[in-house]
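Working notes, structure below.
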Amino acid sequence: MRILILLLFFGLTSCFINAQNETYQGIVVDNISKEAVPFVTVAIYNKDILVNGTTTDENGQFKLKVAEVFSHFDISFIGYENEIVKFSEIQNPKNIRFILKPSITALDEVVVRGEQTTSKLKIDRKIINLGADLQQAGATTLDAFDQITEIQTDLGTGSLSLRGSGNVRLLINGKPSSMNPTELLEQLPAASVQQVEIITSPSAKNQADGLSGIINVVLKKNGAKGLNTNLNVGAGTMRYSYGVDGNYNFSWINFRWNLSQTGRGMNSKQSISQLYENGNTRDFFAPHNFYGLSRRLDTGLDFFINEKHELSLGLDYTKDFHGFFNDTFYSNVTGRDDFKYTRNSSHNHETTNVNVNYRTKFTKENHFLEFDYQFSKNDNFLPAIDFEEAVFLFNEERRNDNILNAIALDYSLPITEKILIEAGGSWNGRKLTSSLFLNPAQEPESFDVFTYDESLFGLYGLTNITSGKLTWQLGLRYENLRSNSINRTTNETTDLKFSNLFPSLHISYTINEANTLNIGYSRRVSRPSFRNINPFQARNQYFEWVANPGLRPEFSNNIETNYQYNGNKLTASAAFFYRYRTNVIERLQNIDEEGVLRNIFDNIGEKHSYGVEASMSYKLIDFWNSQLSANYYHTSVDQDIFLSWDELYSSNLIFKNTFKISKVLSADISFRQNFKTQNTFDFIDPRNRIDLAVRLKLLENRLAMNLRVVDLLDNNLMYRTAVTQNVTQNEVWRFQSQTFGFLLSASYKLFQNKGKIRNRKNRNYQYGGTTD
């Protein structure tokens, strides 16, 4: 391996060329309609060597900073003829106008895709464009998140957090999903994701839940002209996937589809040792076997009624199954012999999402009225059966049926070219029915039912003012939440009502073409929800969740500043934040006499959090790009109840090297270091891993073959120590960290027509949680 890497470095070094410094920017338009064409690939070549590249934004505009000598531009987009423009033909680098001609046939197209994930800093969010990152080939979206330093994930537990906090709202295309976020990200292929929006200081337009922010996953929209289809087939360590997507775009209607099936398994081994204050002991050894199967259909119609009216209809259906099989071997148990505990469980859920979106545009640009309706139905069935030494103990069946309705109306009015006013309202309603059937071996069976009803109404106003290099965005949001629930077994009820205001302020200053500085403030909330109140929650031989209907809302005031530099060879960004939280909802932990970890949420006091994030990408030579990203988060807790630790911290680092070996062959080597993580009741020791990916492109880039190896050295074990009031617990978890994956993808265009491309606005809604 070392010899191969060394030879690769020497080969790349020999390709180094002289540099020049210039910024090229302009627009790409359609030859017939004269309209701007978004998402066009603009690549720069020195003869047959790719030097740099980008894609046009939603308005068809692009900007490239080039430090190398080059010979020509190559402009390409599906449905158009490739346009080659020589360097000598560029008269004004600051005002370039490329014109694309619709192609009669796409068989002669050359499809150029950027290999590097890029980021863009906007006034209230950071946008990560995944592009064709080699480390995401054949991966799930959860795997892709693991490559983004700003998002903290754990591939073993599936946990997700921002800036050291798991209080995150996950959206797909600006909309909620009633699926569990981890399960949703695991069954969503990374190849279907266009970009990820990280909104750590949301504006008043966004609904106010999610203390640490919002992660919005924007999926690729099939809107290319003509009839198009794409095929993806992948296989790897205990996993496979295949899918087909495409669209048929007429001049006034676009039909799009995406069908996929994913199978995924994982084996892991967990060793736990417990020592009680009174001297008692208990040890576990638990091998886990997991298997999941997911089928997904996503389809829709876009109607271009006329130049001012657009209507979209969408249907998304997912059927998902997960099976869990494990034997737990108990030893060193005070007062009894060793024994084996067996639990077989599964999770079946069906999710149906229906969306209707209508937009009417007025004469001025950015002057529109938009209506959006989202219906989501999620049915969950979770059976389990438990044995001890092959003797039946009990079986249970939990059901969670969840219906969500979300209605939103948004209005955007440009007063002048530099003043924009936005306003809107939304209503979200959720109905949940949760039941538990329990059949013990020695006791009568029981059936318990819990119902939950929630209604959230919101109004917002937002003003955006640009003055020279300075842009101000000031907003205010009002939300009124009402919820009630009843445990039909005990007749215990809750009736909660909250009304709150949430201001936001964002300032963006463009220092020059290369430097941008943003400052933001937002107020957020975490209210008691069905996840805290539902008494029939998950439980097994290791842990259980306990309901607390007496929770009060937690509020957070967030201040942050972001800086981004885009140079010729160097791009860099840095962010610093401070977060002050009151009535903190904390997960409290205690281990009972049977060794079960009991989790209950309660209000504990205040938290002061701060952190820093930094990233730097440098193009060492033409074919070698190196990126270093790191973060550090720290929290101090002022509490009035017992916590094992009140100074919390975490940090991680990613060092990524991408090599363009030839026109058809690319490679990526990434190193990830997770430093010690300190939580309120446990800490996790440092760990690291090396990931490798290789891609080969054939048939003028229409066919791609990808190989990816995660944790090349297979040493990414997790060592965790938990300390509660009466027990110290040491845990070693060897999950299936090392995986191999292979992906084959092909893209075809069957014919071309002069259609339109739908450019819909992304919506943001209330819910992003789970029915578990």
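Just remember, in the structure tokens the first chain shown is A, the second B, etc., residues are 1-based per chain, and ligands are 1-based in the order shown.
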If you run DSSP over the backbone, which residues in region 682-731 of chain A end up strand (DSSP E or B)? Put them as a PyMOL selection string.
chain A and resi 682-684+687-698+703-710+718-723+727-731
Can I get the selected residues back with N, CA, C and O atoms, as a compact mmCIF listing (two decimals), in the first residue's frame?
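And here is the file that came out, selection_7.txt:
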# COMPACT_ATOMS: atom_id res chain seq x y z
N ASP A 682 -21.46 9.31 30.37
CA ASP A 682 -20.47 8.38 29.81
C ASP A 682 -19.44 9.13 29.00
O ASP A 682 -19.62 10.31 28.65
N PHE A 683 -18.34 8.46 28.69
CA PHE A 683 -17.35 9.00 27.77
C PHE A 683 -16.91 7.89 26.82
O PHE A 683 -16.96 6.71 27.16
N ILE A 684 -16.50 8.30 25.62
CA ILE A 684 -16.06 7.37 24.57
C ILE A 684 -14.60 7.67 24.26
O ILE A 684 -14.22 8.82 24.03
N ARG A 687 -10.83 7.15 18.69
CA ARG A 687 -10.74 6.09 17.68
C ARG A 687 -10.53 6.73 16.31
O ARG A 687 -10.80 7.93 16.12
N ASN A 688 -10.08 5.94 15.35
CA ASN A 688 -9.81 6.47 14.01
C ASN A 688 -9.99 5.38 12.97
O ASN A 688 -10.08 4.19 13.30
N ARG A 689 -10.00 5.81 11.71
CA ARG A 689 -10.11 4.85 10.61
C ARG A 689 -9.60 5.49 9.33
O ARG A 689 -9.50 6.72 9.20
N ILE A 690 -9.29 4.64 8.34
CA ILE A 690 -8.88 5.07 7.00
C ILE A 690 -9.86 4.49 5.99
O ILE A 690 -10.18 3.30 6.03
N ASP A 691 -10.36 5.33 5.09
CA ASP A 691 -11.29 4.91 4.04
C ASP A 691 -10.62 5.10 2.68
O ASP A 691 -9.88 6.06 2.45
N LEU A 692 -10.92 4.20 1.75
CA LEU A 692 -10.35 4.24 0.41
C LEU A 692 -11.46 4.08 -0.61
O LEU A 692 -12.39 3.28 -0.43
N ALA A 693 -11.37 4.84 -1.72
CA ALA A 693 -12.36 4.73 -2.80
C ALA A 693 -11.66 4.93 -4.14
O ALA A 693 -10.74 5.74 -4.27
N VAL A 694 -12.13 4.19 -5.16
CA VAL A 694 -11.59 4.27 -6.52
C VAL A 694 -12.75 4.28 -7.50
O VAL A 694 -13.75 3.56 -7.30
N ARG A 695 -12.65 5.10 -8.56
CA ARG A 695 -13.70 5.14 -9.58
C ARG A 695 -13.09 5.05 -10.97
O ARG A 695 -12.07 5.69 -11.27
N LEU A 696 -13.74 4.26 -11.83
CA LEU A 696 -13.36 4.13 -13.23
C LEU A 696 -14.56 4.52 -14.08
O LEU A 696 -15.66 3.98 -13.92
N LYS A 697 -14.35 5.48 -15.01
CA LYS A 697 -15.42 5.94 -15.90
C LYS A 697 -15.15 5.46 -17.32
O LYS A 697 -14.04 5.57 -17.82
N LEU A 698 -16.22 4.93 -17.96
CA LEU A 698 -16.12 4.40 -19.30
C LEU A 698 -17.24 4.95 -20.17
O LEU A 698 -18.18 5.59 -19.68
N LEU A 703 -20.89 5.37 -18.08
CA LEU A 703 -20.81 4.17 -17.25
C LEU A 703 -19.71 4.40 -16.20
O LEU A 703 -18.59 4.78 -16.54
N ALA A 704 -20.05 4.18 -14.94
CA ALA A 704 -19.09 4.38 -13.85
C ALA A 704 -19.07 3.15 -12.96
O ALA A 704 -20.10 2.58 -12.61
N MET A 705 -17.85 2.74 -12.59
CA MET A 705 -17.66 1.63 -11.66
C MET A 705 -16.89 2.16 -10.45
O MET A 705 -15.85 2.81 -10.60
N ASN A 706 -17.41 1.89 -9.26
CA ASN A 706 -16.84 2.44 -8.03
C ASN A 706 -16.55 1.32 -7.03
O ASN A 706 -17.37 0.41 -6.86
N LEU A 707 -15.41 1.41 -6.38
CA LEU A 707 -15.06 0.50 -5.30
C LEU A 707 -14.73 1.34 -4.07
O LEU A 707 -13.96 2.30 -4.14
N ARG A 708 -15.33 0.97 -2.93
CA ARG A 708 -15.14 1.73 -1.69
C ARG A 708 -14.87 0.77 -0.54
O ARG A 708 -15.57 -0.23 -0.38
N VAL A 709 -13.84 1.09 0.26
CA VAL A 709 -13.50 0.32 1.45
C VAL A 709 -13.54 1.25 2.65
O VAL A 709 -12.81 2.24 2.70
N VAL A 710 -14.40 0.96 3.61
CA VAL A 710 -14.51 1.73 4.84
C VAL A 710 -13.72 1.03 5.94
O VAL A 710 -13.83 -0.19 6.09
N MET A 718 -15.30 0.71 19.45
CA MET A 718 -15.77 1.76 20.35
C MET A 718 -15.65 1.28 21.80
O MET A 718 -16.20 0.25 22.17
N TYR A 719 -14.90 2.04 22.60
CA TYR A 719 -14.76 1.78 24.03
C TYR A 719 -15.51 2.89 24.77
O TYR A 719 -15.19 4.07 24.65
N ARG A 720 -16.52 2.49 25.55
CA ARG A 720 -17.35 3.47 26.26
C ARG A 720 -17.44 3.10 27.73
O ARG A 720 -17.61 1.93 28.09
N THR A 721 -17.34 4.10 28.59
CA THR A 721 -17.48 3.92 30.03
C THR A 721 -18.63 4.79 30.53
O THR A 721 -18.65 6.01 30.30
N ALA A 722 -19.61 4.16 31.19
CA ALA A 722 -20.76 4.88 31.74
C ALA A 722 -20.70 4.83 33.26
O ALA A 722 -20.37 3.80 33.85
N VAL A 723 -21.04 5.96 33.89
CA VAL A 723 -21.03 6.06 35.35
C VAL A 723 -22.36 6.66 35.80
O VAL A 723 -22.70 7.79 35.44
N VAL A 727 -23.75 2.47 39.56
CA VAL A 727 -23.09 1.47 38.72
C VAL A 727 -22.03 2.14 37.84
O VAL A 727 -22.25 3.24 37.33
N THR A 728 -20.90 1.43 37.68
CA THR A 728 -19.91 1.78 36.66
C THR A 728 -19.94 0.69 35.60
O THR A 728 -19.83 -0.50 35.91
N GLN A 729 -20.10 1.10 34.34
CA GLN A 729 -20.25 0.14 33.24
C GLN A 729 -19.19 0.38 32.18
O GLN A 729 -19.05 1.50 31.67
N ASN A 730 -18.44 -0.66 31.84
CA ASN A 730 -17.44 -0.61 30.77
C ASN A 730 -17.94 -1.42 29.58
O ASN A 730 -18.40 -2.56 29.74
N GLU A 731 -17.83 -0.83 28.41
CA GLU A 731 -18.39 -1.44 27.21
C GLU A 731 -17.38 -1.42 26.07
O GLU A 731 -16.69 -0.42 25.85
Contacts of Gln195 (chain A) at 9 Å or less, counting only C-alpha atoms, minus same-chain residues fewer than 4 places along, as a list in words?
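The filter keeps Ile127, Ile128, Asn129, Leu130, Gly131, Asn216, Val217, Val218, Leu219 and Lys220 of chain A.
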Residue contacts of Ile669 (chain A) (12 Å, only C-alpha atoms) excluding same-chain residues fewer than 2 positions away, as an MDAnalysis selection string:
chainID A and resid 1 5 8 133:135 147 624:627 654:660 666:667 671:672 689:694 708:712
Give me the residues near Asp646 (chain A) as a list in words, where near means some atom within 9 Å (using only C-alpha atoms) and where sequence neighbours in that chain fewer than 6 positions away do not count.
Thr635, Ser636, Val637, Asp638, Gln639, Asn679 and Thr680 of chain A
Keeping only N, CA, C and O atoms, write the selected residues to a file as a short mmCIF file (atom, residue, chain, number, x, y, z; two decimals), in the first residue's frame.
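The result, written out as again18.cif:
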data_model
loop_
_atom_site.label_atom_id
_atom_site.label_comp_id
_atom_site.auth_asym_id
_atom_site.auth_seq_id
_atom_site.Cartn_x
_atom_site.Cartn_y
_atom_site.Cartn_z
N THR A 635 -19.39 22.20 26.38
CA THR A 635 -20.62 22.61 27.08
C THR A 635 -20.40 22.56 28.58
O THR A 635 -19.86 21.57 29.10
N SER A 636 -20.84 23.62 29.27
CA SER A 636 -20.86 23.66 30.73
C SER A 636 -22.31 23.58 31.18
O SER A 636 -23.18 24.28 30.64
N VAL A 637 -22.58 22.72 32.18
CA VAL A 637 -23.94 22.48 32.65
C VAL A 637 -24.11 23.06 34.05
O VAL A 637 -23.32 22.76 34.95
N ASP A 638 -25.12 23.91 34.23
CA ASP A 638 -25.53 24.37 35.57
C ASP A 638 -26.80 23.60 35.93
O ASP A 638 -27.89 23.92 35.46
N GLN A 639 -26.65 22.56 36.75
CA GLN A 639 -27.75 21.65 37.01
C GLN A 639 -28.17 21.68 38.47
O GLN A 639 -27.42 22.12 39.34
N ASN A 679 -19.77 12.87 27.63
CA ASN A 679 -21.19 13.14 27.79
C ASN A 679 -21.53 13.24 29.27
O ASN A 679 -20.66 13.11 30.14
N THR A 680 -22.80 13.45 29.58
CA THR A 680 -23.20 13.66 30.98
C THR A 680 -23.03 12.41 31.83
O THR A 680 -22.71 12.50 33.02
#
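For the pair CA of Val29 (chain A) and CA of Glu81 (chain A), the interatomic distance is 12.6 Å.
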Can you pull out the residues contacting Phe601 (chain A)? Cut-off 9 Å, using only C-alpha atoms, and skip same-chain residues under 2 positions away; I want them as a ChimeraX atom specification.
/A:532,545-548,551,585-589,599,603
Could you give me, as a Markdown table, every region 236-334 of chain A residue with an atom at most 12 Å from region 369-383 of chain A, plus its closest atom pair and distance in Å to one decimal, counting only C-alpha atoms, rows ordered by chain then number?
| residue | atom | partner | partner_atom | distance |
| --- | --- | --- | --- | --- |
| A:Lys308 | CA | A:Leu369 | CA | 10.4 |
| A:His309 | CA | A:Leu369 | CA | 9.9 |
| A:Glu310 | CA | A:Glu370 | CA | 9.6 |
| A:Leu311 | CA | A:Phe371 | CA | 9.7 |
| A:Ser312 | CA | A:Asp372 | CA | 9.5 |
| A:Leu313 | CA | A:Tyr373 | CA | 9.9 |
| A:Gly314 | CA | A:Gln374 | CA | 9.4 |
| A:Leu315 | CA | A:Phe375 | CA | 9.7 |
| A:Asp316 | CA | A:Ser376 | CA | 9.3 |
| A:Tyr317 | CA | A:Lys377 | CA | 9.7 |
| A:Thr318 | CA | A:Asn378 | CA | 9.4 |
| A:Lys319 | CA | A:Asp379 | CA | 9.8 |
| A:Asp320 | CA | A:Asn380 | CA | 9.6 |
| A:Phe321 | CA | A:Phe381 | CA | 9.7 |
| A:His322 | CA | A:Leu382 | CA | 9.5 |
| A:Gly323 | CA | A:Leu382 | CA | 9.8 |
| A:Phe324 | CA | A:Pro383 | CA | 10.6 |
Surrounding residues of region 511-513 of chain A excluding itself and chain neighbours under 6 positions, 12 Å, only C-alpha atoms, as a PyMOL selection string
chain A and resi 22-25+63-65+94+468-471+563-568
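Of the residues listed (A:Phe681, A:Val66, A:Asn464, A:Gln91), A:Val66 shows the shortest atom-to-atom separation from Leu570 (chain A); distances use only C-alpha atoms.
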Could you name the residues that touch Thr416 (chain A) at 10 Å or less, counting only C-alpha atoms, but leaving out those on the same chain fewer than 3 positions away, as a PyMOL selection string?
chain A and resi 364+413+419-421+465
Keeping N, CA and C atoms for every residue in the selection just given, could you write it to a file as a PDB file, in the first residue's frame?
ATOM      1  N   LYS A 364     -42.646  40.783 -11.471  1.00  0.00           N
ATOM      2  CA  LYS A 364     -41.293  40.976 -10.973  1.00  0.00           C
ATOM      3  C   LYS A 364     -40.634  39.645 -10.646  1.00  0.00           C
ATOM      4  N   LEU A 413     -42.393  39.274  -1.882  1.00  0.00           N
ATOM      5  CA  LEU A 413     -42.657  40.547  -2.550  1.00  0.00           C
ATOM      6  C   LEU A 413     -41.385  41.385  -2.609  1.00  0.00           C
ATOM      7  N   ILE A 419     -34.621  45.359  -1.725  1.00  0.00           N
ATOM      8  CA  ILE A 419     -35.471  45.111  -0.555  1.00  0.00           C
ATOM      9  C   ILE A 419     -36.485  44.028  -0.905  1.00  0.00           C
ATOM     10  N   LEU A 420     -36.483  42.958  -0.117  1.00  0.00           N
ATOM     11  CA  LEU A 420     -37.397  41.835  -0.328  1.00  0.00           C
ATOM     12  C   LEU A 420     -38.126  41.549   0.981  1.00  0.00           C
ATOM     13  N   ILE A 421     -39.449  41.407   0.882  1.00  0.00           N
ATOM     14  CA  ILE A 421     -40.271  41.067   2.045  1.00  0.00           C
ATOM     15  C   ILE A 421     -40.901  39.696   1.815  1.00  0.00           C
ATOM     16  N   ILE A 465     -32.652  43.122   3.201  1.00  0.00           N
ATOM     17  CA  ILE A 465     -32.210  44.406   2.661  1.00  0.00           C
ATOM     18  C   ILE A 465     -30.737  44.308   2.273  1.00  0.00           C
TER      19      ILE A 465
END
